[in-house]
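**Q** One structure is given below, represented as C-alpha coordinates, and several questions about it will come after.
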Amino acid sequence: MEEIITAGVRQHLKNPIAARFGTMLAGERTLNGRHEVVACGYVDDKGSPGGNEPFIGKIYPDAGNSFELVAINDVSVIGACKAAGLAMPELKPNS
(Lines give C-alpha, C1' and ligand atoms only; values in the text may rest on other atoms or scores of the structure.)
Protein backbone atom coordinates (compact mmCIF):
# COMPACT_ATOMS: atom_id res chain seq x y z
CA MET A 1 0.00 0.00 0.00
CA GLU A 2 2.89 2.34 0.74
CA GLU A 3 4.03 2.05 -2.88
CA ILE A 4 0.59 3.03 -4.14
CA ILE A 5 0.55 6.10 -1.88
CA THR A 6 4.07 7.28 -2.67
CA ALA A 7 3.65 6.75 -6.43
CA GLY A 8 0.32 8.58 -6.37
CA VAL A 9 1.67 11.57 -4.44
CA ARG A 10 4.86 11.77 -6.54
CA GLN A 11 2.71 12.39 -9.65
CA HIS A 12 1.72 15.76 -8.17
CA LEU A 13 5.16 17.01 -7.09
CA LYS A 14 7.53 19.38 -8.89
CA ASN A 15 10.53 17.21 -8.03
CA PRO A 16 9.17 13.67 -7.56
CA ILE A 17 12.52 11.88 -7.68
CA ALA A 18 13.93 13.85 -4.73
CA ALA A 19 10.77 13.49 -2.62
CA ARG A 20 11.20 12.00 0.83
CA PHE A 21 8.22 10.71 2.74
CA GLY A 22 7.84 11.07 6.49
CA THR A 23 5.16 9.76 8.78
CA MET A 24 2.23 8.13 6.99
CA LEU A 25 -0.97 6.82 8.54
CA ALA A 26 -3.80 4.92 6.89
CA GLY A 27 -7.22 3.69 7.89
CA GLU A 28 -10.08 1.85 6.19
CA ARG A 29 -13.64 3.07 6.10
CA THR A 30 -16.84 2.83 4.09
CA LEU A 31 -18.23 6.15 2.93
CA ASN A 32 -21.47 6.39 0.94
CA GLY A 33 -21.34 2.62 0.43
CA ARG A 34 -17.83 2.64 -1.05
CA HIS A 35 -14.84 1.01 0.64
CA GLU A 36 -11.77 3.24 0.78
CA VAL A 37 -8.44 3.52 2.52
CA VAL A 38 -7.63 7.05 3.67
CA ALA A 39 -3.92 7.86 3.77
CA CYS A 40 -2.34 10.88 5.42
CA GLY A 41 1.29 11.81 5.63
CA TYR A 42 4.11 14.23 5.06
CA VAL A 43 6.33 14.62 2.02
CA ASP A 44 9.44 16.74 1.62
CA ASP A 45 9.64 17.82 -2.01
CA LYS A 46 13.08 19.39 -2.35
CA GLY A 47 11.80 21.41 -5.32
CA SER A 48 9.33 23.44 -3.30
CA PRO A 49 9.80 25.89 -0.42
CA GLY A 50 8.55 24.98 3.03
CA GLY A 51 9.88 21.46 3.36
CA ASN A 52 7.45 18.91 4.78
CA GLU A 53 4.01 19.21 3.25
CA PRO A 54 1.00 17.35 4.65
CA PHE A 55 -1.14 15.36 2.22
CA ILE A 56 -4.31 13.28 2.24
CA GLY A 57 -5.28 10.74 -0.36
CA LYS A 58 -7.62 7.80 -0.88
CA ILE A 59 -7.09 4.31 -2.23
CA TYR A 60 -10.08 2.47 -3.66
CA PRO A 61 -9.57 -1.32 -3.32
CA ASP A 62 -12.69 -2.06 -5.40
CA ALA A 63 -11.21 -0.10 -8.33
CA GLY A 64 -7.87 -1.87 -8.66
CA ASN A 65 -6.32 0.06 -5.77
CA SER A 66 -6.58 3.35 -7.66
CA PHE A 67 -5.21 6.37 -5.80
CA GLU A 68 -6.75 9.82 -5.58
CA LEU A 69 -4.81 12.73 -4.06
CA VAL A 70 -7.36 14.80 -2.16
CA ALA A 71 -5.09 17.67 -1.06
CA ILE A 72 -1.45 18.52 -0.48
CA ASN A 73 0.05 21.40 1.51
CA ASP A 74 -3.37 22.84 2.24
CA VAL A 75 -4.71 24.12 5.57
CA SER A 76 -7.55 21.58 5.36
CA VAL A 77 -5.30 18.50 5.31
CA ILE A 78 -4.65 18.11 9.06
CA GLY A 79 -8.35 18.64 9.90
CA ALA A 80 -9.47 16.19 7.19
CA CYS A 81 -7.02 13.59 8.52
CA LYS A 82 -8.29 14.05 12.08
CA ALA A 83 -11.90 13.74 10.84
CA ALA A 84 -10.93 10.41 9.23
CA GLY A 85 -9.53 9.24 12.59
CA LEU A 86 -5.88 9.77 11.61
CA ALA A 87 -4.23 12.17 14.03
CA MET A 88 -1.11 13.41 12.26
CA PRO A 89 1.77 14.52 14.50
CA GLU A 90 2.53 18.22 14.49
CA LEU A 91 5.77 19.10 12.73
CA LYS A 92 8.30 21.42 14.29
CA PRO A 93 9.13 24.41 12.09
CA ASN A 94 12.42 24.17 10.20
CA SER A 95 15.17 26.13 11.91
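Naming works like this for the C-alpha coordinates: A, B, ... for the chains as they're shown, residue 1 at the start of each chain, ligands 1 onward in shown order.
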Using only C-alpha atoms, which residues sit within 9 Å of Asp74 (chain A) once same-chain residues fewer than 3 positions away are excluded, as a list of chain:residue names?

**A** A:Glu53, A:Pro54, A:Phe55, A:Ala71, A:Val77, A:Ile78

**Q** Name the residues of chain A that come out as strand (DSSP E) in a backbone DSSP run; write them as a PyMOL selection string.

**A** chain A and resi 20-31+34-44+52-60+66-72

**Q** With a distance cut-off of 10 Å and only C-alpha atoms, select the neighbouring residues of Ile4 (chain A), excluding the residue or stretch itself and same-chain residues fewer than 4 positions from it, and output the selection as a ChimeraX atom specification.

**A** /A:8-9,59,65-67

**Q** What is the CA of Leu13 (chain A)-CA of Ala87 (chain A) distance in Å, reported with one decimal?

**A** 23.6 Å

**Q** Write out as CSV the residues of region 50-85 of chain A that have any atom within 8 Å of an atom of region 28-45 of chain A, one row each with the nearest atom pair and its distance in Å to one decimal, counting only C-alpha atoms, sorted by chain and then rising number.

**A**
residue,atom,partner,partner_atom,distance
A:Gly51,CA,A:Asp44,CA,5.0
A:Asn52,CA,A:Asp44,CA,4.3
A:Glu53,CA,A:Val43,CA,5.3
A:Pro54,CA,A:Tyr42,CA,4.4
A:Phe55,CA,A:Gly41,CA,5.5
A:Ile56,CA,A:Cys40,CA,4.4
A:Gly57,CA,A:Ala39,CA,5.2
A:Lys58,CA,A:Val38,CA,4.6
A:Ile59,CA,A:Val37,CA,5.0
A:Tyr60,CA,A:Glu36,CA,4.8
A:Pro61,CA,A:Glu36,CA,6.5
A:Asp62,CA,A:His35,CA,7.1
A:Cys81,CA,A:Cys40,CA,6.2
A:Ala84,CA,A:Val38,CA,7.3

**Q** Report, in Å to a single decimal, how far apart CA of Ala18 (chain A) and CA of Ala80 (chain A) are.

**A** 26.4 Å
